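Enquirer: Okay, so here is query22.txt, and as you'll see once you scroll down, it has compact mmCIF, C-alpha atoms.
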# COMPACT_ATOMS: atom_id res chain seq x y z
CA MET M 16 239.90 -37.06 -78.36
CA LEU M 17 240.96 -40.68 -77.92
CA LEU M 18 244.39 -40.03 -79.43
CA LEU M 19 244.87 -37.03 -77.12
CA ASN M 20 244.45 -39.37 -74.18
CA ILE M 21 247.27 -41.51 -75.54
CA LEU M 22 249.63 -39.05 -77.24
CA PRO M 23 250.76 -35.48 -76.57
CA GLN M 24 249.01 -32.85 -78.71
CA ASN M 25 251.99 -32.10 -80.96
CA VAL M 26 252.73 -35.79 -81.52
CA LYS M 27 249.09 -36.46 -82.42
CA GLU M 28 249.15 -33.66 -84.99
CA GLN M 29 252.41 -34.89 -86.55
CA LEU M 30 251.15 -38.46 -86.65
CA GLU M 31 247.95 -37.45 -88.40
CA ALA M 32 249.85 -35.28 -90.90
CA HIS M 33 252.66 -37.77 -91.60
CA PRO M 34 251.51 -41.28 -90.59
CA ASP M 35 254.36 -42.99 -92.46
CA GLN M 36 257.23 -40.91 -91.02
CA LEU M 37 259.36 -41.72 -88.02
CA LEU M 38 258.14 -39.45 -85.24
CA ALA M 39 261.08 -38.90 -82.93
CA LYS M 40 262.39 -35.67 -81.43
CA LYS M 41 265.50 -35.00 -79.38
CA TYR M 42 265.23 -33.03 -76.14
CA ASN M 43 268.47 -31.77 -74.61
CA ALA M 44 267.18 -31.63 -71.05
CA VAL M 45 264.29 -33.64 -69.64
CA THR M 46 263.67 -34.88 -66.10
CA ILE M 47 262.28 -38.41 -65.83
CA ALA M 48 260.77 -40.17 -62.83
CA PHE M 49 259.82 -43.79 -62.22
CA ALA M 50 257.66 -44.83 -59.26
CA ASP M 51 257.17 -48.46 -58.32
CA ILE M 52 255.16 -50.18 -55.57
CA VAL M 53 257.40 -51.91 -53.04
CA GLN M 54 256.85 -55.68 -52.64
CA PHE M 55 254.25 -55.69 -55.38
CA THR M 56 254.65 -59.39 -56.25
CA PRO M 57 253.71 -60.73 -52.78
CA LEU M 58 250.96 -58.11 -52.58
CA ALA M 59 249.51 -59.30 -55.88
CA SER M 60 249.61 -62.92 -54.75
CA ASN M 61 247.24 -62.09 -51.90
CA MET M 62 244.66 -60.33 -54.08
CA THR M 63 242.39 -61.48 -56.86
CA PRO M 64 243.22 -60.05 -60.31
CA HIS M 65 240.01 -57.99 -60.12
CA GLU M 66 240.98 -56.49 -56.75
CA LEU M 67 244.52 -55.79 -57.94
CA VAL M 68 243.48 -54.00 -61.12
CA LYS M 69 240.83 -52.00 -59.26
CA MET M 70 243.38 -50.85 -56.67
CA LEU M 71 245.94 -49.85 -59.33
CA ASN M 72 243.28 -48.04 -61.34
CA GLN M 73 242.18 -46.02 -58.31
CA LEU M 74 245.76 -45.16 -57.37
CA PHE M 75 246.86 -44.24 -60.88
CA CYS M 76 243.72 -42.16 -61.50
CA MET M 77 244.53 -40.20 -58.37
CA TRP M 78 248.06 -39.50 -59.62
CA ASP M 79 246.77 -38.75 -63.13
CA SER M 80 244.68 -35.92 -61.69
CA LEU M 81 247.88 -34.21 -60.49
CA LEU M 82 249.64 -34.11 -63.86
CA VAL M 83 248.34 -30.81 -65.22
CA HIS M 84 248.69 -29.06 -61.86
CA PHE M 85 252.41 -29.88 -61.71
CA ASN M 86 253.05 -29.47 -65.47
CA VAL M 87 254.36 -32.99 -66.06
CA GLU M 88 253.65 -35.53 -68.81
CA LYS M 89 252.60 -39.08 -68.05
CA VAL M 90 254.57 -41.38 -70.32
CA LYS M 91 253.20 -44.81 -69.44
CA THR M 92 252.44 -47.39 -66.80
CA ILE M 93 253.99 -50.85 -66.84
CA GLY M 94 252.30 -53.13 -64.32
CA ASP M 95 252.71 -51.29 -61.02
CA CYS M 96 255.31 -48.85 -62.43
CA TYR M 97 254.29 -45.24 -63.15
CA MET M 98 256.51 -43.13 -65.43
CA VAL M 99 256.39 -39.36 -65.93
CA ALA M 100 258.61 -36.73 -67.51
CA GLY M 101 259.01 -32.96 -67.37
CA GLY M 102 260.39 -30.56 -69.97
CA MET M 103 258.61 -32.24 -72.88
CA PRO M 104 256.73 -32.27 -75.22
CA VAL M 105 256.98 -28.50 -74.66
CA PRO M 106 260.49 -27.68 -73.35
CA ASN M 107 260.75 -25.60 -70.19
CA LYS M 108 263.33 -24.68 -67.55
CA THR M 109 261.36 -25.82 -64.51
CA HIS M 110 261.22 -29.54 -65.29
CA PRO M 111 263.43 -30.71 -62.36
CA GLN M 112 261.27 -28.80 -59.85
CA ASP M 113 258.04 -29.87 -61.60
CA ILE M 114 258.94 -33.54 -61.41
CA LEU M 115 260.19 -33.42 -57.82
CA GLU M 116 257.10 -31.56 -56.63
CA PHE M 117 254.90 -34.07 -58.46
CA CYS M 118 256.74 -36.97 -56.81
CA VAL M 119 256.33 -35.44 -53.35
CA ALA M 120 252.62 -35.06 -54.12
CA MET M 121 252.52 -38.73 -55.15
CA CYS M 122 253.84 -39.67 -51.73
CA THR M 123 251.41 -37.37 -49.94
CA THR M 124 248.36 -38.65 -51.81
CA LEU M 125 249.52 -42.25 -51.34
CA GLU M 126 249.32 -41.66 -47.59
CA GLN M 127 245.74 -40.46 -48.07
CA PHE M 128 245.00 -43.48 -50.26
CA ASN M 129 246.38 -45.86 -47.64
CA ALA M 130 244.31 -44.23 -44.90
CA ALA M 131 241.14 -44.44 -46.97
CA PHE M 132 241.48 -48.02 -48.18
CA LYS M 133 243.36 -49.52 -45.22
CA HIS M 134 246.41 -50.31 -47.35
CA GLU M 135 250.06 -50.09 -46.35
CA LEU M 136 251.52 -49.39 -49.77
CA GLN M 137 254.98 -47.89 -50.17
CA ILE M 138 256.68 -46.66 -53.33
CA ARG M 139 260.24 -46.16 -54.46
CA ILE M 140 260.93 -43.21 -56.74
CA GLY M 141 263.93 -42.56 -58.98
CA ILE M 142 264.60 -39.28 -60.79
CA ASN M 143 267.25 -38.33 -63.34
CA THR M 144 267.80 -35.47 -65.79
CA GLY M 145 269.40 -35.58 -69.22
CA PRO M 146 268.91 -35.72 -73.00
CA VAL M 147 266.31 -38.05 -74.47
CA VAL M 148 264.60 -38.90 -77.72
CA ALA M 149 260.81 -38.94 -77.49
CA GLY M 150 258.29 -40.14 -80.01
CA VAL M 151 256.30 -42.98 -81.50
CA ILE M 152 257.74 -45.97 -83.33
CA GLY M 153 256.11 -48.85 -85.16
CA LYS M 154 252.96 -49.00 -87.28
CA SER M 155 250.35 -50.41 -84.92
CA LYS M 156 249.13 -49.81 -81.36
CA TRP M 157 250.96 -46.51 -81.12
CA ALA M 158 252.52 -45.62 -77.79
CA PHE M 159 254.48 -42.50 -76.91
CA ASP M 160 257.80 -43.27 -75.21
CA LEU M 161 261.23 -41.93 -74.28
CA TRP M 162 264.64 -43.40 -75.05
CA GLY M 163 268.16 -42.67 -73.88
CA ASP M 164 270.67 -43.28 -71.14
CA ALA M 165 268.94 -40.68 -68.96
CA VAL M 166 265.79 -42.80 -69.02
CA ASN M 167 267.67 -45.99 -68.19
CA LEU M 168 269.42 -44.39 -65.22
CA SER M 169 266.16 -43.01 -63.88
CA SER M 170 264.70 -46.51 -63.92
CA ARG M 171 267.77 -47.93 -62.18
CA LEU M 172 267.59 -45.20 -59.53
CA GLU M 173 264.06 -46.34 -58.74
CA SER M 174 264.90 -50.05 -58.54
CA SER M 175 267.96 -49.39 -56.33
CA GLY M 176 266.13 -46.85 -54.20
CA VAL M 177 264.81 -46.87 -50.65
CA PRO M 178 261.14 -47.61 -49.87
CA GLY M 179 259.25 -44.42 -49.14
CA ARG M 180 262.08 -42.19 -50.36
CA ILE M 181 262.87 -40.19 -53.49
CA GLN M 182 266.29 -41.01 -54.96
CA VAL M 183 267.91 -38.74 -57.54
CA SER M 184 271.08 -38.63 -59.59
CA ALA M 185 273.97 -36.25 -58.94
CA THR M 186 272.89 -34.22 -61.99
CA THR M 187 269.34 -33.79 -60.75
CA SER M 188 270.35 -33.09 -57.14
CA GLU M 189 272.66 -30.31 -58.31
CA LEU M 190 269.91 -28.72 -60.41
CA LEU M 191 267.42 -28.90 -57.55
CA ALA M 192 269.82 -27.77 -54.84
CA ALA M 193 270.11 -24.48 -56.73
CA HIS M 194 266.41 -23.97 -55.97
CA GLY M 195 266.63 -24.70 -52.25
CA TYR M 196 265.88 -28.44 -52.13
CA GLU M 197 268.03 -30.45 -49.72
CA PHE M 198 269.48 -33.90 -50.30
CA GLU M 199 271.63 -36.39 -48.44
CA SER M 200 274.22 -38.52 -50.18
CA ARG M 201 273.92 -42.31 -50.01
CA GLY M 202 277.52 -42.58 -51.14
CA LEU M 203 278.31 -44.96 -53.95
CA VAL M 204 275.44 -47.26 -54.94
CA SER M 205 275.82 -50.21 -57.29
CA ILE M 206 273.62 -49.51 -60.31
CA LYS M 207 273.00 -52.30 -62.80
CA GLY M 208 274.69 -51.50 -66.09
CA LYS M 209 276.31 -48.33 -64.70
CA GLY M 210 278.62 -49.52 -61.92
CA ASP M 211 279.01 -47.60 -58.66
CA ILE M 212 277.64 -44.06 -58.78
CA GLU M 213 276.80 -41.52 -56.10
CA CYS M 214 273.08 -41.26 -55.39
CA PHE M 215 271.11 -38.76 -53.33
CA LEU M 216 267.91 -38.94 -51.29
CA LEU M 217 265.55 -36.03 -50.77
CA LYS M 218 265.81 -35.16 -47.09
CA GLU M 219 262.93 -36.06 -44.81
CA PRO M 220 260.29 -35.00 -44.14
CA LYS M 221 259.83 -34.69 -47.88
CA GLN M 222 256.54 -32.80 -47.54
CA ALA M 223 258.36 -30.01 -45.69
CA GLN M 224 260.47 -29.45 -48.81
CA ALA M 225 257.48 -28.99 -51.10
CA LYS M 226 257.12 -25.47 -52.44
CA ARG M 227 253.77 -26.06 -54.16
CA GLU M 228 250.40 -26.97 -52.68
CA LEU M 229 248.20 -29.82 -53.81
CA PRO M 230 245.20 -28.85 -55.95
CA ASP M 231 242.23 -27.49 -53.99
CA ASP M 232 240.15 -30.61 -54.60
CA PHE M 233 242.76 -32.68 -52.80
CA ALA M 234 242.34 -30.44 -49.77
CA LEU M 235 238.66 -31.36 -49.82
CA ASP M 236 239.54 -35.03 -50.18
CA ASN M 237 241.84 -34.67 -47.19
CA MET M 238 238.89 -33.41 -45.13
CA VAL M 239 236.94 -36.52 -46.10
CA LEU M 240 239.84 -38.81 -45.26
CA HIS M 241 240.16 -37.34 -41.79
CA GLY M 242 236.45 -37.49 -41.02
CA HIS M 243 235.62 -33.78 -41.29
CA ALA M 244 233.12 -34.22 -44.11
CA THR M 245 231.83 -37.70 -43.34
CA SER M 246 232.34 -40.26 -40.62
CA ASN M 247 233.11 -43.98 -40.77
CA THR M 248 233.35 -44.02 -44.54
CA SER M 249 236.07 -44.63 -47.09
CA LEU M 250 237.15 -42.38 -49.91
CA ALA M 251 235.59 -44.81 -52.37
CA SER M 252 232.09 -44.38 -50.93
CA ALA M 253 232.21 -40.78 -49.75
CA ALA M 254 230.68 -37.91 -51.72
CA ILE M 255 233.82 -36.17 -52.98
CA THR M 256 233.80 -33.02 -55.07
CA SER M 257 236.95 -33.95 -56.99
CA SER M 258 235.58 -34.92 -60.39
CA SER M 259 239.06 -35.49 -61.82
CA TYR M 260 239.38 -38.96 -60.36
CA ASP M 261 236.00 -39.58 -58.77
CA SER M 262 234.85 -41.62 -61.79
CA CYS M 263 237.92 -43.85 -61.48
CA LEU M 264 237.21 -44.51 -57.82
CA HIS M 265 233.60 -45.49 -58.43
CA SER M 266 233.69 -47.17 -61.82
CA PRO M 267 233.08 -50.92 -61.60
CA LEU M 268 235.20 -53.40 -63.50
CA MET M 269 233.28 -55.55 -65.94
For this file, produce the structure as structure tokens.

Expert:
Amino acid sequence: MLLLNILPQNVKEQLEAHPDQLLAKKYNAVTIAFADIVQFTPLASNMTPHELVKMLNQLFCMWDSLLVHFNVEKVKTIGDCYMVAGGMPVPNKTHPQDILEFCVAMCTTLEQFNAAFKHELQIRIGINTGPVVAGVIGKSKWAFDLWGDAVNLSSRLESSGVPGRIQVSATTSELLAAHGYEFESRGLVSIKGKGDIECFLLKEPKQAQAKRELPDDFALDNMVLHGHATSNTSLASAAITSSSYDSCLHSPLM
């Protein structure tokens, strides 16, 4: 069970069957998203390490509980950066929509998180679609990861993005526009290592573009956040029925 919380099912099975083989698979079309907290360094300087890790754990647990609902795969977290992908390890044709809907849900639940904990966090999100190689390399401390130019561009789209907005590549915007999502061009944006490329922002209000609802337990959480279930209490101390991330919210750090 521990490996399944670190590696996708098919990768775990291959690793157990062939521990000495290179486990890497090419995917022709995957959509990758990076989300990063804006102004994280000054934020961290005003918090103790304990407070910082507790806040990140609560936030990431909340996003983790959305993964299955939106059919996306969490790849990793690096500091305050949260990386997900769609269309792998099981290929599908809905990965651009899955990732975009997940990212909109990230923004929506972040607003709930901010209201509950009196934070003013903002995130930048970058999304790109393209071929990747996914797998596990090395012999110790296995970690599943993705490699390829599509991954690098997705990361650059996040770092060059706009706080509170979802920035996508021309490839991804074209795929999503075919399904009714609307974008606005930023024109040419200087991207490190890529030069000037045209980037697109999901039109505001982003929640109005969502075609999928949040899970039912988040609707209940929303009632708590707005005082319908309890009064004068935070999400961390309220009695919430969402078991998917309740343990993360309440678990103390040793």

Enquirer: From the options M:Arg180, M:Lys209, M:Lys221, M:Arg139, which residue's atoms come nearest to M:Val53, counting all atoms listed in the file?

Expert: M:Arg139

Enquirer: Contacts of M:Val90 at 10 Å or less, counting all atoms listed in the file, minus same-chain residues fewer than 6 places along, as JSON, numbers by chain?

Expert: {"M": [21, 22, 23, 47, 48, 49, 97, 98, 99, 100, 101, 149, 158, 159, 160, 161]}

Enquirer: For M:Ala223, which residue among M:Glu116, M:Asp79, M:Asp164, M:Glu126 is the nearest when counting only C-alpha atoms?

Expert: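 Result for the nearest residue to M:Ala223: M:Glu116.
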
Enquirer: Given the choices M:Ser184, M:His84, M:Leu168, M:Met70, which gets closest to M:Ala120 if the distance is worked out from only C-alpha atoms?

Expert: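 Going through M:Ser184, M:His84, M:Leu168, M:Met70 one by one, the smallest distance to M:Ala120 is for M:His84.
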
Enquirer: Mind pulling up the distance from atom CA of M:Asn107 to atom CA of M:Ser174?

Expert: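 Between atom CA of M:Ser174 and atom CA of M:Asn107 the gap works out to 27.4 Å.
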
Enquirer: In terms of the shortest atom-to-atom distance over only C-alpha atoms, which of M:Ala165, M:Ser175, M:Leu71, M:Pro230 is closest to M:Val83?

Expert: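 Using only C-alpha atoms, the shortest distance to M:Val83 belongs to M:Pro230.
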
Enquirer: Env of stretch 189-203 of chain M: 8 Å cut, atoms = all atoms listed in the file, seq-sep filter 4 positions within chain, self excluded. Answer as a PyMOL selection string.

Expert: chain M and resi 111-112+185+211-218+224
